[in-house]
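Printed here is input-v3.pdb (PDB, C-alpha atoms):
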MODEL        1
ATOM      1  CA  LYS A  44       9.097   4.058  -0.632  1.00  0.00           C
ATOM      2  CA  SER A  45       8.538   1.962  -3.714  1.00  0.00           C
ATOM      3  CA  SER A  46       5.537  -0.255  -4.235  1.00  0.00           C
ATOM      4  CA  LYS A  47       6.370  -3.910  -4.071  1.00  0.00           C
ATOM      5  CA  PRO A  48       4.476  -7.209  -4.040  1.00  0.00           C
ATOM      6  CA  GLY A  49       3.958  -9.605  -1.229  1.00  0.00           C
ATOM      7  CA  ARG A  50       2.376 -13.033  -1.067  1.00  0.00           C
ATOM      8  CA  LEU A  51      -0.128 -14.794   1.124  1.00  0.00           C
ATOM      9  CA  ARG A  52       0.111 -18.539   0.623  1.00  0.00           C
ATOM     10  CA  ASP A  53      -2.751 -21.009   0.472  1.00  0.00           C
ATOM     11  CA  THR A  54      -1.796 -23.853   2.821  1.00  0.00           C
ATOM     12  CA  HIS A  55      -4.148 -26.217   1.027  1.00  0.00           C
ATOM     13  CA  SER A  56      -2.642 -25.870  -2.440  1.00  0.00           C
ATOM     14  CA  GLU A  57       0.975 -26.981  -2.027  1.00  0.00           C
ATOM     15  CA  GLY A  58       2.309 -23.478  -1.331  1.00  0.00           C
ATOM     16  CA  LYS A  59       1.030 -21.948  -4.563  1.00  0.00           C
ATOM     17  CA  VAL A  60       0.325 -18.218  -4.556  1.00  0.00           C
ATOM     18  CA  MET A  61      -3.264 -17.507  -3.495  1.00  0.00           C
ATOM     19  CA  GLN A  62      -3.203 -13.713  -3.552  1.00  0.00           C
ATOM     20  CA  ASP A  63      -0.637 -11.053  -4.316  1.00  0.00           C
ATOM     21  CA  ALA A  64      -0.686  -7.477  -3.135  1.00  0.00           C
ATOM     22  CA  PHE A  65       1.309  -4.398  -4.077  1.00  0.00           C
ATOM     23  CA  ALA A  66       1.823  -1.741  -1.426  1.00  0.00           C
ATOM     24  CA  VAL A  67       3.342   1.699  -1.156  1.00  0.00           C
ATOM     25  CA  SER A  68       4.131   3.149   2.255  1.00  0.00           C
ATOM     26  CA  PHE A  69       3.617   6.662   3.587  1.00  0.00           C
ATOM     27  CA  CYS A  70       4.934   8.253   6.754  1.00  0.00           C
ATOM     28  CA  ALA A  71       2.721  10.596   8.773  1.00  0.00           C
ATOM     29  CA  LYS A  72       5.812  12.526   9.892  1.00  0.00           C
ATOM     30  CA  ASN A  73       7.845  14.553   7.447  1.00  0.00           C
ATOM     31  CA  ASP A  74      11.617  15.023   7.382  1.00  0.00           C
ATOM     32  CA  LEU A  75      12.602  12.246   9.797  1.00  0.00           C
ATOM     33  CA  LEU A  76      16.309  11.524  10.156  1.00  0.00           C
ATOM     34  CA  SER A  77      15.624   7.777  10.412  1.00  0.00           C
ATOM     35  CA  GLN A  78      13.728   7.856   7.107  1.00  0.00           C
ATOM     36  CA  TRP A  79      16.488   9.655   5.243  1.00  0.00           C
ATOM     37  CA  ARG A  80      19.067   7.231   6.586  1.00  0.00           C
ATOM     38  CA  ALA A  81      17.003   4.156   5.726  1.00  0.00           C
ATOM     39  CA  TYR A  82      15.639   5.165   2.320  1.00  0.00           C
ATOM     40  CA  GLY A  83      17.493   8.276   1.178  1.00  0.00           C
ATOM     41  CA  ASP A  84      20.968   6.951   0.544  1.00  0.00           C
ATOM     42  CA  GLU A  85      21.330   9.404  -2.341  1.00  0.00           C
ATOM     43  CA  GLY A  86      19.453  12.269  -0.731  1.00  0.00           C
ATOM     44  CA  GLY A  87      15.932  11.309  -1.733  1.00  0.00           C
ATOM     45  CA  PHE A  88      12.690  13.238  -1.721  1.00  0.00           C
ATOM     46  CA  SER A  89       9.662  13.265   0.552  1.00  0.00           C
ATOM     47  CA  LEU A  90       6.345  13.822  -1.224  1.00  0.00           C
ATOM     48  CA  GLU A  91       3.407  15.069   0.800  1.00  0.00           C
ATOM     49  CA  ILE A  92       0.405  13.422  -0.853  1.00  0.00           C
ATOM     50  CA  TYR A  93      -3.006  14.358   0.503  1.00  0.00           C
ATOM     51  CA  PRO A  94      -5.754  13.312   0.350  1.00  0.00           C
ATOM     52  CA  LEU A  95      -5.437   9.646  -0.658  1.00  0.00           C
ATOM     53  CA  ALA A  96      -9.106   9.023   0.051  1.00  0.00           C
ATOM     54  CA  ARG A  97     -12.269  11.033   0.486  1.00  0.00           C
ATOM     55  CA  THR A  98     -15.197  10.327   2.796  1.00  0.00           C
ATOM     56  CA  LEU A  99     -18.478  10.151   0.896  1.00  0.00           C
ATOM     57  CA  VAL A 100     -22.013   9.956   2.227  1.00  0.00           C
ATOM     58  CA  GLN A 101     -24.662   8.900  -0.302  1.00  0.00           C
ATOM     59  CA  GLY A 102     -27.644  10.118   1.691  1.00  0.00           C
ATOM     60  CA  PRO A 103     -28.909  11.116   5.157  1.00  0.00           C
ATOM     61  CA  ASP A 104     -29.475   7.458   6.095  1.00  0.00           C
ATOM     62  CA  SER A 105     -26.305   6.119   4.471  1.00  0.00           C
ATOM     63  CA  GLU A 106     -23.098   5.192   6.240  1.00  0.00           C
ATOM     64  CA  ALA A 107     -19.998   7.200   5.400  1.00  0.00           C
ATOM     65  CA  MET A 108     -17.489   5.366   3.240  1.00  0.00           C
ATOM     66  CA  ASN A 109     -13.901   6.130   2.304  1.00  0.00           C
ATOM     67  CA  VAL A 110     -13.291   6.182  -1.436  1.00  0.00           C
ATOM     68  CA  VAL A 111      -9.682   5.969  -2.584  1.00  0.00           C
ATOM     69  CA  LEU A 112      -8.914   8.649  -5.158  1.00  0.00           C
ATOM     70  CA  LEU A 113      -6.380   6.478  -7.009  1.00  0.00           C
ATOM     71  CA  ARG A 114      -6.677   3.513  -9.355  1.00  0.00           C
ATOM     72  CA  SER A 115      -4.486   0.906 -11.022  1.00  0.00           C
ATOM     73  CA  PRO A 116      -5.051  -1.052 -14.239  1.00  0.00           C
ATOM     74  CA  VAL A 117      -3.949  -4.246 -12.459  1.00  0.00           C
ATOM     75  CA  GLY A 118      -6.144  -3.950  -9.392  1.00  0.00           C
ATOM     76  CA  ARG A 119      -9.622  -4.975  -8.481  1.00  0.00           C
ATOM     77  CA  GLN A 120      -9.342  -2.986  -5.260  1.00  0.00           C
ATOM     78  CA  ILE A 121      -7.177  -0.299  -3.652  1.00  0.00           C
ATOM     79  CA  VAL A 122      -7.438   0.399   0.065  1.00  0.00           C
ATOM     80  CA  VAL A 123      -5.708   2.776   2.484  1.00  0.00           C
ATOM     81  CA  ARG A 124      -4.785   1.358   5.886  1.00  0.00           C
ATOM     82  CA  LYS A 125      -3.076   2.795   8.952  1.00  0.00           C
ATOM     83  CA  VAL A 126      -0.322   0.484  10.201  1.00  0.00           C
ATOM     84  CA  ASN A 127      -0.912  -1.010  13.656  1.00  0.00           C
ATOM     85  CA  TYR A 128       2.156  -1.493  15.870  1.00  0.00           C
ATOM     86  CA  ASP A 129       0.404  -2.943  18.950  1.00  0.00           C
ATOM     87  CA  PRO A 130       0.881  -6.756  19.073  1.00  0.00           C
ATOM     88  CA  ILE A 131      -2.204  -7.298  21.248  1.00  0.00           C
ATOM     89  CA  GLU A 132      -4.425  -5.323  18.874  1.00  0.00           C
ATOM     90  CA  GLN A 133      -2.863  -7.115  15.917  1.00  0.00           C
ATOM     91  CA  GLN A 134      -3.744 -10.519  17.342  1.00  0.00           C
ATOM     92  CA  ALA A 135      -7.275  -9.411  18.206  1.00  0.00           C
ATOM     93  CA  GLU A 136      -7.947  -8.165  14.693  1.00  0.00           C
ATOM     94  CA  PHE A 137      -6.516 -11.342  13.155  1.00  0.00           C
ATOM     95  CA  ARG A 138      -8.797 -13.436  15.389  1.00  0.00           C
ATOM     96  CA  GLU A 139     -11.842 -11.346  14.478  1.00  0.00           C
ATOM     97  CA  ARG A 140     -11.211 -11.839  10.774  1.00  0.00           C
ATOM     98  CA  LEU A 141     -10.901 -15.623  11.203  1.00  0.00           C
ATOM     99  CA  ILE A 142     -14.100 -15.805  13.259  1.00  0.00           C
ATOM    100  CA  ALA A 143     -16.036 -13.765  10.690  1.00  0.00           C
ATOM    101  CA  THR A 144     -14.837 -16.031   7.891  1.00  0.00           C
ATOM    102  CA  SER A 145     -15.707 -19.152   9.889  1.00  0.00           C
ATOM    103  CA  LYS A 146     -19.270 -17.903  10.358  1.00  0.00           C
ATOM    104  CA  LEU A 147     -19.481 -17.181   6.648  1.00  0.00           C
ATOM    105  CA  LEU A 148     -18.294 -20.703   5.867  1.00  0.00           C
ATOM    106  CA  ASP A 149     -21.127 -22.150   7.940  1.00  0.00           C
ATOM    107  CA  GLU A 150     -23.637 -20.076   5.971  1.00  0.00           C
ATOM    108  CA  VAL A 151     -22.179 -20.794   2.541  1.00  0.00           C
ATOM    109  CA  THR A 152     -21.870 -24.566   3.000  1.00  0.00           C
ATOM    110  CA  GLN A 153     -25.626 -24.747   3.374  1.00  0.00           C
ATOM    111  CA  GLU A 154     -26.089 -23.295  -0.113  1.00  0.00           C
ATOM    112  CA  LEU A 155     -23.139 -24.631  -2.134  1.00  0.00           C
ATOM    113  CA  PRO A 156     -21.294 -27.944  -2.572  1.00  0.00           C
ATOM    114  CA  ASP A 157     -18.283 -28.401  -0.286  1.00  0.00           C
ATOM    115  CA  ALA A 158     -15.670 -27.711  -2.997  1.00  0.00           C
ATOM    116  CA  ASP A 159     -17.389 -24.542  -4.219  1.00  0.00           C
ATOM    117  CA  ALA A 160     -17.995 -23.274  -0.688  1.00  0.00           C
ATOM    118  CA  THR A 161     -14.371 -23.838   0.261  1.00  0.00           C
ATOM    119  CA  ALA A 162     -13.183 -21.942  -2.818  1.00  0.00           C
ATOM    120  CA  VAL A 163     -15.477 -18.987  -2.140  1.00  0.00           C
ATOM    121  CA  VAL A 164     -14.595 -18.721   1.534  1.00  0.00           C
ATOM    122  CA  GLY A 165     -10.903 -19.251   0.815  1.00  0.00           C
ATOM    123  CA  THR A 166     -10.978 -16.321  -1.575  1.00  0.00           C
ATOM    124  CA  LEU A 167     -12.716 -14.060   0.936  1.00  0.00           C
ATOM    125  CA  LEU A 168     -10.413 -15.116   3.772  1.00  0.00           C
ATOM    126  CA  THR A 169      -7.338 -14.466   1.653  1.00  0.00           C
ATOM    127  CA  SER A 170      -8.533 -10.987   0.688  1.00  0.00           C
ATOM    128  CA  SER A 171      -9.293 -10.200   4.309  1.00  0.00           C
ATOM    129  CA  LEU A 172      -5.980 -11.465   5.661  1.00  0.00           C
ATOM    130  CA  ILE A 173      -3.822  -9.837   2.997  1.00  0.00           C
ATOM    131  CA  GLU A 174      -5.082  -6.459   4.213  1.00  0.00           C
ATOM    132  CA  TRP A 175      -4.163  -7.457   7.776  1.00  0.00           C
ATOM    133  CA  VAL A 176      -0.683  -8.618   6.680  1.00  0.00           C
ATOM    134  CA  TYR A 177       0.022  -5.217   5.140  1.00  0.00           C
ATOM    135  CA  SER A 178      -1.428  -3.301   8.099  1.00  0.00           C
ATOM    136  CA  VAL A 179       0.779  -4.609  10.914  1.00  0.00           C
ATOM    137  CA  LYS A 180       4.412  -3.980  11.803  1.00  0.00           C
ATOM    138  CA  ASP A 181       6.818  -4.442  14.686  1.00  0.00           C
ATOM    139  CA  VAL A 182       6.589  -1.810  17.415  1.00  0.00           C
ATOM    140  CA  ALA A 183      10.226  -0.828  16.734  1.00  0.00           C
ATOM    141  CA  PHE A 184       8.986   1.032  13.658  1.00  0.00           C
ATOM    142  CA  ALA A 185       6.276   2.990  15.487  1.00  0.00           C
ATOM    143  CA  GLU A 186       8.130   6.295  15.017  1.00  0.00           C
ATOM    144  CA  GLU A 187       7.253   6.196  11.314  1.00  0.00           C
ATOM    145  CA  GLN A 188       3.475   6.435  11.934  1.00  0.00           C
ATOM    146  CA  GLU A 189       3.036   4.608   8.652  1.00  0.00           C
ATOM    147  CA  TRP A 190       0.043   4.403   6.335  1.00  0.00           C
ATOM    148  CA  ARG A 191      -0.112   2.006   3.390  1.00  0.00           C
ATOM    149  CA  LEU A 192      -1.845   2.102   0.050  1.00  0.00           C
ATOM    150  CA  ILE A 193      -2.587  -1.543  -0.823  1.00  0.00           C
ATOM    151  CA  CYS A 194      -3.452  -2.655  -4.341  1.00  0.00           C
ATOM    152  CA  LEU A 195      -4.980  -6.118  -4.802  1.00  0.00           C
ATOM    153  CA  PRO A 196      -4.619  -7.344  -8.394  1.00  0.00           C
ATOM    154  CA  ASP A 197      -7.282  -9.318 -10.201  1.00  0.00           C
ATOM    155  CA  ILE A 198      -6.365 -12.990  -9.921  1.00  0.00           C
ATOM    156  CA  ASP A 199      -8.242 -16.049 -11.135  1.00  0.00           C
ATOM    157  CA  HIS A 200      -7.906 -18.625  -8.379  1.00  0.00           C
ATOM    158  CA  PHE A 201     -11.000 -20.767  -8.603  1.00  0.00           C
ATOM    159  CA  TYR A 202     -10.747 -24.465  -9.400  1.00  0.00           C
ATOM    160  CA  GLY A 203      -6.967 -24.485  -9.329  1.00  0.00           C
ATOM    161  CA  GLY A 204      -6.420 -21.460 -11.565  1.00  0.00           C
ATOM    162  CA  LYS A 205      -4.141 -18.804 -10.079  1.00  0.00           C
ATOM    163  CA  THR A 206      -3.240 -16.326 -12.803  1.00  0.00           C
ATOM    164  CA  TYR A 207      -3.242 -12.563 -13.180  1.00  0.00           C
ATOM    165  CA  LYS A 208      -6.023 -11.172 -15.346  1.00  0.00           C
ATOM    166  CA  HIS A 209      -3.910  -8.191 -16.411  1.00  0.00           C
ATOM    167  CA  TYR A 210      -0.283  -9.244 -16.781  1.00  0.00           C
ATOM    168  CA  GLY A 211       0.391  -6.279 -19.060  1.00  0.00           C
ATOM    169  CA  ALA A 212      -0.231  -3.889 -16.166  1.00  0.00           C
ATOM    170  CA  VAL A 213       2.700  -5.275 -14.162  1.00  0.00           C
ATOM    171  CA  LYS A 214       5.984  -3.413 -14.720  1.00  0.00           C
ATOM    172  CA  THR A 215       9.516  -4.262 -13.577  1.00  0.00           C
ATOM    173  CA  ARG A 216      12.550  -2.287 -12.459  1.00  0.00           C
ATOM    174  CA  VAL A 217      16.022  -3.075 -11.151  1.00  0.00           C
ATOM    175  CA  ARG A 218      16.919  -2.325  -7.534  1.00  0.00           C
ATOM    176  CA  ASN A 219      20.101  -3.467  -5.791  1.00  0.00           C
ATOM    177  CA  GLY A 220      20.756  -5.968  -8.541  1.00  0.00           C
ATOM    178  CA  ALA A 221      17.320  -7.598  -8.323  1.00  0.00           C
ATOM    179  CA  ILE A 222      14.313  -7.378 -10.647  1.00  0.00           C
ATOM    180  CA  VAL A 223      11.345  -5.949  -8.746  1.00  0.00           C
ATOM    181  CA  PRO A 224       7.763  -6.047 -10.088  1.00  0.00           C
ATOM    182  CA  TYR A 225       5.509  -3.060  -9.481  1.00  0.00           C
ATOM    183  CA  VAL A 226       2.228  -1.569 -10.672  1.00  0.00           C
ATOM    184  CA  VAL A 227       1.350   1.976 -11.640  1.00  0.00           C
ATOM    185  CA  VAL A 228      -1.129   3.828  -9.446  1.00  0.00           C
ATOM    186  CA  GLU A 229      -2.685   6.947 -10.924  1.00  0.00           C
ATOM    187  CA  PRO A 230      -5.304   9.501  -9.893  1.00  0.00           C
ATOM    188  CA  ILE A 231      -8.866   8.860 -11.001  1.00  0.00           C
ATOM    189  CA  GLU A 232      -8.891  12.377 -12.402  1.00  0.00           C
ATOM    190  CA  GLY A 233      -6.454  15.258 -12.644  1.00  0.00           C
ATOM    191  CA  LEU A 234      -2.986  15.231 -11.121  1.00  0.00           C
ATOM    192  CA  LEU A 235      -1.643  13.395  -8.113  1.00  0.00           C
ATOM    193  CA  PRO A 236      -2.494  15.331  -4.909  1.00  0.00           C
ATOM    194  CA  ILE A 237       1.116  16.356  -4.234  1.00  0.00           C
ATOM    195  CA  ASN A 238       0.926  19.240  -1.766  1.00  0.00           C
ATOM    196  CA  SER A 239       4.645  19.657  -1.244  1.00  0.00           C
ATOM    197  CA  VAL A 240       8.058  18.084  -1.803  1.00  0.00           C
ATOM    198  CA  THR A 241      10.868  18.031   0.737  1.00  0.00           C
ATOM    199  CA  CYS A 242      14.340  17.552  -0.732  1.00  0.00           C
ATOM    200  CA  GLY A 243      16.436  15.256   1.401  1.00  0.00           C
ATOM    201  CA  PRO A 244      19.932  15.986   2.735  1.00  0.00           C
ATOM    202  CA  ALA A 245      22.295  16.571  -0.199  1.00  0.00           C
ATOM    203  CA  LEU A 246      25.643  18.130  -1.091  1.00  0.00           C
ATOM    204  CA  HIS A 247      23.958  20.884  -3.121  1.00  0.00           C
ATOM    205  CA  PRO A 248      20.516  21.507  -1.516  1.00  0.00           C
ATOM    206  CA  ASN A 249      19.841  24.811  -3.329  1.00  0.00           C
ATOM    207  CA  LEU A 250      20.467  23.291  -6.741  1.00  0.00           C
ATOM    208  CA  THR A 251      18.334  20.265  -5.877  1.00  0.00           C
ATOM    209  CA  LYS A 252      15.454  22.471  -4.749  1.00  0.00           C
ATOM    210  CA  LYS A 253      15.594  24.503  -7.972  1.00  0.00           C
ATOM    211  CA  ALA A 254      15.623  21.357 -10.128  1.00  0.00           C
ATOM    212  CA  VAL A 255      12.597  19.921  -8.317  1.00  0.00           C
ATOM    213  CA  THR A 256      10.695  23.204  -8.632  1.00  0.00           C
ATOM    214  CA  LEU A 257      11.312  23.258 -12.387  1.00  0.00           C
ATOM    215  CA  ALA A 258      10.348  19.586 -12.754  1.00  0.00           C
ATOM    216  CA  LEU A 259       7.050  20.129 -10.930  1.00  0.00           C
ATOM    217  CA  ALA A 260       6.222  23.218 -12.974  1.00  0.00           C
ATOM    218  CA  SER A 261       6.849  21.331 -16.219  1.00  0.00           C
ATOM    219  CA  LYS A 262       4.124  18.843 -15.172  1.00  0.00           C
ATOM    220  CA  LYS A 263       1.724  21.646 -14.191  1.00  0.00           C
ATOM    221  CA  TYR A 264       2.093  21.102 -10.435  1.00  0.00           C
ATOM    222  CA  CYS A 265       1.945  24.059  -8.059  1.00  0.00           C
ATOM    223  CA  SER A 266       3.412  22.157  -5.106  1.00  0.00           C
ATOM    224  CA  THR A 267       5.708  23.936  -2.685  1.00  0.00           C
ATOM    225  CA  VAL A 268       9.295  22.723  -2.371  1.00  0.00           C
ATOM    226  CA  HIS A 269      11.276  22.644   0.880  1.00  0.00           C
ATOM    227  CA  GLU A 270      14.797  21.747   1.883  1.00  0.00           C
ATOM    228  CA  SER A 271      15.284  19.204   4.654  1.00  0.00           C
ATOM    229  CA  ARG A 272      16.009  20.681   8.081  1.00  0.00           C
ATOM    230  CA  VAL A 273      18.064  17.610   9.014  1.00  0.00           C
ATOM    231  CA  PRO A 274      21.773  18.591   9.290  1.00  0.00           C
ATOM    232  CA  LEU A 275      22.940  15.506   7.425  1.00  0.00           C
ATOM    233  CA  ARG A 276      24.917  15.572   4.197  1.00  0.00           C
ATOM    234  CA  THR A 277      25.271  12.603   1.898  1.00  0.00           C
ATOM    235  CA  SER A 278      28.566  11.819   0.202  1.00  0.00           C
ATOM    236  CA  ARG A 279      27.035  11.663  -3.276  1.00  0.00           C
TER     237      ARG A 279
ENDMDL
END
Let me see the structure of the file written as structure tokens.
Amino acid sequence: KSSKPGRLRDTHSEGKVMQDAFAVSFCAKNDLLSQWRAYGDEGGFSLEIYPLARTLVQGPDSEAMNVVLLRSPVGRQIVVRKVNYDPIEQQAEFRERLIATSKLLDEVTQELPDADATAVVGTLLTSSLIEWVYSVKDVAFAEEQEWRLICLPDIDHFYGGKTYKHYGAVKTRVRNGAIVPYVVVEPIEGLLPINSVTCGPALHPNLTKKAVTLALASKKYCSTVHESRVPLRTSR
């Protein structure tokens, strides 16, 4: 699926954008008929990308932390989140994030003027909630077992300023007659961790597989290429 932006609005600033996020979705299951039908109207391709993050431990007394192996020139942070389809768990996590921010507000207001404290806490709350927004989905989509790579761009939003710090890093493309903004995500080093590519249902699967194999080799990838096992043939 393509990366695309979403918005979390600041209710105290007349609906102006408080924080954007760009996300790309991954499915834990490969070669699903529902995925080809929803996103592979022209056949499509399924890329197995692994790992997206690596667990690092700094020392024997340090906590393990997940470090995303990708970066973006527009982003201050990239995180990987598993999508939660349980409405009860979704509500509980949302409540926990609000409570944590409320406690932080009590602490910060003792050190900073009201306006500054509100701005700081508002920023932290927005960052926390935008991750939650991109990590929940209706239970009807549970079959997808989705994971999301979420990129939070650098935005100046203190004292009324809400502007991107790196506008040049935002690209655009046309999809279904609309202009869609997106950002480039690249590996920190080396090539993207593409383990394999599955070619979606097509009229000429053998030719498609050969073309993909040649394209990967030209970019120095050694990924394996498979044909979809789904007995569906597109009309294009």
Worksheet item: Between A:Trp79, A:Tyr210, A:Phe65, A:Trp175, which is the closest to Ile121 in chain A once you count all atoms listed in the file?
Response: A:Phe65
Discussion item. Report as a ChimeraX atom specification all protein, DNA and RNA residues lying within 10 Å of Lys253 in chain A, evaluated on all atoms listed in the file, omitting residues in the same chain fewer than 5 positions from it.
Written reply: /A:248,258,268
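In this structure, CA of Ile193 in chain A sits 16.2 Å away from CA of Leu167 in chain A.
The residue that comes closest to Gly233 in chain A, out of A:Leu148, A:Leu112, A:Val213, A:Val122 and on the basis of only C-alpha atoms, is A:Leu112.
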List the residues selected by the PyMOL selection byres ((chain A and resi 273) around 7) in the file shown, writing them as an mmCIF file with C-alpha atoms, in the coordinates of the input.
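File produced: result.cif:
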data_model
loop_
_atom_site.group_PDB
_atom_site.id
_atom_site.type_symbol
_atom_site.label_atom_id
_atom_site.label_comp_id
_atom_site.auth_asym_id
_atom_site.auth_seq_id
_atom_site.Cartn_x
_atom_site.Cartn_y
_atom_site.Cartn_z
ATOM 1 C CA LEU A 76 16.309 11.524 10.156
ATOM 2 C CA PRO A 244 19.932 15.986 2.735
ATOM 3 C CA SER A 271 15.284 19.204 4.654
ATOM 4 C CA ARG A 272 16.009 20.681 8.081
ATOM 5 C CA PRO A 274 21.773 18.591 9.290
ATOM 6 C CA LEU A 275 22.940 15.506 7.425
#
Could range 162-180 of chain A be completed with N, CA and C atoms and written as a compact mmCIF listing (two decimals), in the frame of the given file, please?
# COMPACT_ATOMS: atom_id res chain seq x y z
N ALA A 162 -13.85 -22.88 -1.91
CA ALA A 162 -13.18 -21.94 -2.82
C ALA A 162 -13.64 -20.51 -2.56
N VAL A 163 -14.94 -20.33 -2.37
CA VAL A 163 -15.48 -18.99 -2.14
C VAL A 163 -14.94 -18.41 -0.83
N VAL A 164 -15.04 -19.20 0.23
CA VAL A 164 -14.60 -18.72 1.53
C VAL A 164 -13.08 -18.52 1.56
N GLY A 165 -12.34 -19.41 0.89
CA GLY A 165 -10.90 -19.25 0.82
C GLY A 165 -10.51 -17.95 0.16
N THR A 166 -11.24 -17.58 -0.89
CA THR A 166 -10.98 -16.32 -1.58
C THR A 166 -11.23 -15.12 -0.66
N LEU A 167 -12.37 -15.16 0.05
CA LEU A 167 -12.72 -14.06 0.94
C LEU A 167 -11.75 -13.97 2.11
N LEU A 168 -11.35 -15.12 2.66
CA LEU A 168 -10.41 -15.12 3.77
C LEU A 168 -9.07 -14.55 3.34
N THR A 169 -8.62 -14.95 2.15
CA THR A 169 -7.34 -14.47 1.65
C THR A 169 -7.36 -12.96 1.48
N SER A 170 -8.43 -12.43 0.89
CA SER A 170 -8.53 -10.99 0.69
C SER A 170 -8.54 -10.25 2.02
N SER A 171 -9.21 -10.84 3.00
CA SER A 171 -9.29 -10.20 4.31
C SER A 171 -7.94 -10.22 5.01
N LEU A 172 -7.24 -11.35 4.95
CA LEU A 172 -5.98 -11.46 5.66
C LEU A 172 -4.85 -10.70 5.00
N ILE A 173 -4.90 -10.56 3.67
CA ILE A 173 -3.82 -9.84 3.00
C ILE A 173 -3.83 -8.37 3.44
N GLU A 174 -5.02 -7.82 3.69
CA GLU A 174 -5.08 -6.46 4.21
C GLU A 174 -4.46 -6.40 5.61
N TRP A 175 -4.73 -7.42 6.42
CA TRP A 175 -4.16 -7.46 7.78
C TRP A 175 -2.64 -7.56 7.70
N VAL A 176 -2.13 -8.42 6.82
CA VAL A 176 -0.68 -8.62 6.68
C VAL A 176 0.02 -7.30 6.38
N TYR A 177 -0.60 -6.48 5.54
CA TYR A 177 0.02 -5.22 5.14
C TYR A 177 -0.31 -4.07 6.09
N SER A 178 -1.03 -4.37 7.17
CA SER A 178 -1.43 -3.30 8.10
C SER A 178 -0.81 -3.47 9.48
N VAL A 179 0.14 -4.40 9.62
CA VAL A 179 0.78 -4.61 10.91
C VAL A 179 2.30 -4.53 10.75
N LYS A 180 2.97 -4.12 11.84
CA LYS A 180 4.41 -3.98 11.80
C LYS A 180 4.94 -4.02 13.23
